[in-house]
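**Q** Structure incoming, see below.
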Amino acid sequence: MLEKHFTQVYDKFKLQFYRRVFDLVRERDGSLSAMEAFSLEVIKMLGEPTVGQFADFLNISQSNATYKVNSLMKKGYLERRNSELDRREYNLILSEKFYSYAGLMSSYEHTVMDRIKKRFPAEDVKKFDEMLSVISSELMPECDK
């Protein structure tokens with residue numbers, strides 16, 4: 001039962017996410033492709049990675065990653081800043097243009113969290129929060145940066 005319910009919740013979050021991605025990628029000047037939208041999400045989750053870290057995480061070539069990054073920079077969704085550790089490298093920084101869309105992307109998660117807080121007692125919400133923290137920090141090591 002746990003697996004079934006978890007899969008249902010996870011699938012609903014994915015469906016809502018995909019709906020929002022397709023809203024973003026409508027045909028218009030400077031719009032994102034679905035792959036570009038997913039690339040931005042990966043960069044966001046990696047937290048200001050270098051192009052090499054982005055490429056390594058996706059298991060793609062450095063040149064392919066550079067091509068994606070340049071396209072996103074040209075469209076204004078991404079910027080770069082010299083790395084503080086190695087001035088020859090640069091970190092990928094999400095632009096204000098990205099964050100104007102990011103609010104749309106995360107609004108459903110906020111809606112669900114608000115509903116959880118209203119539906120369940122505070123102690124259950126606290127326990128759920130603790131469980132999610134353990135799941136993220138201990139049970140999903142493949143996804144750590």
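Going through the structure tokens in order, the chains are called A, B, and so on, while each chain numbers its residues from 1 and the ligands are numbered from 1 in the order shown.
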Hey, what does DSSP flag as alpha helix (DSSP H) within segment 90-127 of chain A? Can you give it to me as a ChimeraX atom specification?
**A** /A:96-119,122-127
**Q** Could you save those same residues with C-alpha atoms as a PDB file, in the first residue's frame?
**A**
```pdb
ATOM      1  CA  GLU A  96      15.823  36.903 -12.940  1.00  0.00           C
ATOM      2  CA  LYS A  97      13.986  35.790 -16.070  1.00  0.00           C
ATOM      3  CA  PHE A  98      14.168  32.200 -14.810  1.00  0.00           C
ATOM      4  CA  TYR A  99      12.932  33.170 -11.360  1.00  0.00           C
ATOM      5  CA  SER A 100       9.944  34.963 -12.824  1.00  0.00           C
ATOM      6  CA  TYR A 101       8.906  31.579 -14.221  1.00  0.00           C
ATOM      7  CA  ALA A 102      10.076  29.606 -11.187  1.00  0.00           C
ATOM      8  CA  GLY A 103       7.242  31.038  -9.113  1.00  0.00           C
ATOM      9  CA  LEU A 104       4.831  29.440 -11.543  1.00  0.00           C
ATOM     10  CA  MET A 105       6.742  26.172 -11.314  1.00  0.00           C
ATOM     11  CA  SER A 106       6.642  25.909  -7.524  1.00  0.00           C
ATOM     12  CA  SER A 107       3.156  27.243  -6.840  1.00  0.00           C
ATOM     13  CA  TYR A 108       1.573  23.781  -6.868  1.00  0.00           C
ATOM     14  CA  GLU A 109       4.012  22.487  -4.257  1.00  0.00           C
ATOM     15  CA  HIS A 110       3.095  25.438  -2.014  1.00  0.00           C
ATOM     16  CA  THR A 111      -0.601  24.745  -2.557  1.00  0.00           C
ATOM     17  CA  VAL A 112      -0.204  21.110  -1.528  1.00  0.00           C
ATOM     18  CA  MET A 113       1.911  22.044   1.511  1.00  0.00           C
ATOM     19  CA  ASP A 114      -0.746  24.526   2.640  1.00  0.00           C
ATOM     20  CA  ARG A 115      -3.413  21.849   2.241  1.00  0.00           C
ATOM     21  CA  ILE A 116      -1.338  19.383   4.283  1.00  0.00           C
ATOM     22  CA  LYS A 117      -0.955  21.922   7.092  1.00  0.00           C
ATOM     23  CA  LYS A 118      -4.715  22.549   7.130  1.00  0.00           C
ATOM     24  CA  ARG A 119      -5.739  18.892   6.858  1.00  0.00           C
ATOM     25  CA  ALA A 122       0.610  19.965  13.635  1.00  0.00           C
ATOM     26  CA  GLU A 123       2.374  16.966  15.213  1.00  0.00           C
ATOM     27  CA  ASP A 124       1.629  14.842  12.110  1.00  0.00           C
ATOM     28  CA  VAL A 125       2.933  17.595   9.851  1.00  0.00           C
ATOM     29  CA  LYS A 126       6.093  17.827  11.977  1.00  0.00           C
ATOM     30  CA  LYS A 127       6.599  14.043  11.776  1.00  0.00           C
TER      31      LYS A 127
END
```
**Q** From the options A:Ile60, A:Met140, A:Met35, A:Ile43, which residue's atoms come nearest to Leu94 of chain A, counting only C-alpha atoms?
**A**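 For Leu94 of chain A, the nearest of the candidates is A:Ile43.
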**Q** Give me, please, the distance in Å between atom CA of Glu84 of chain A and atom CA of Glu138 of chain A, quoted to one decimal.
**A**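 Atom CA of Glu84 of chain A sits 29.4 Å away from atom CA of Glu138 of chain A.
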**Q** With distances taken over only C-alpha atoms, which residue among A:Phe120, A:Phe57, A:Phe6, A:Phe22 lies nearest Ser39 of chain A?
**A** A:Phe57
**Q** Closest to Leu92 of chain A among A:Val42, A:Leu2, A:Met131, A:Leu139, using only C-alpha atoms?
**A**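 Closest to Leu92 of chain A, using only C-alpha atoms: A:Val42.
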**Q** Check the smallest atom-to-atom distance from each of A:Asp11, A:Asp129, A:Glu3, A:Glu36 to Lys74 of chain A using only C-alpha atoms, then report the winner.
**A**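 Nearest candidate to Lys74 of chain A out of A:Asp11, A:Asp129, A:Glu3, A:Glu36: A:Glu36.
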**Q** By how many Å are atom CA of Glu79 of chain A and atom CA of Ser61 of chain A apart?
**A**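 Separating atom CA of Glu79 of chain A from atom CA of Ser61 of chain A is a distance of 20.2 Å.
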**Q** Would you list, as a PDB file with C-alpha atoms, in the first residue's frame, the residues of segment 42-124 of chain A that end up in strand (DSSP E or B) under DSSP run on this structure's backbone?
**A**
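Output saved as states-v5.pdb:
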```
ATOM      1  CA  THR A  50      30.047  24.515 -13.283  1.00  0.00           C
ATOM      2  CA  LEU A  78      21.070  31.698 -17.379  1.00  0.00           C
ATOM      3  CA  GLU A  79      24.147  33.747 -16.500  1.00  0.00           C
ATOM      4  CA  ARG A  80      27.646  32.808 -15.532  1.00  0.00           C
ATOM      5  CA  ARG A  81      30.005  33.996 -12.842  1.00  0.00           C
ATOM      6  CA  ASN A  82      33.688  33.193 -12.473  1.00  0.00           C
ATOM      7  CA  TYR A  90      32.543  29.641 -14.099  1.00  0.00           C
ATOM      8  CA  ASN A  91      29.391  28.779 -12.206  1.00  0.00           C
ATOM      9  CA  LEU A  92      25.968  28.730 -13.810  1.00  0.00           C
ATOM     10  CA  ILE A  93      23.590  31.223 -12.226  1.00  0.00           C
ATOM     11  CA  LEU A  94      19.856  31.301 -12.892  1.00  0.00           C
TER      12      LEU A  94
END
```
**Q** To one decimal place, how far is atom CA of Ser31 of chain A from atom CA of Lys44 of chain A in Å?
**A** 18.2 Å
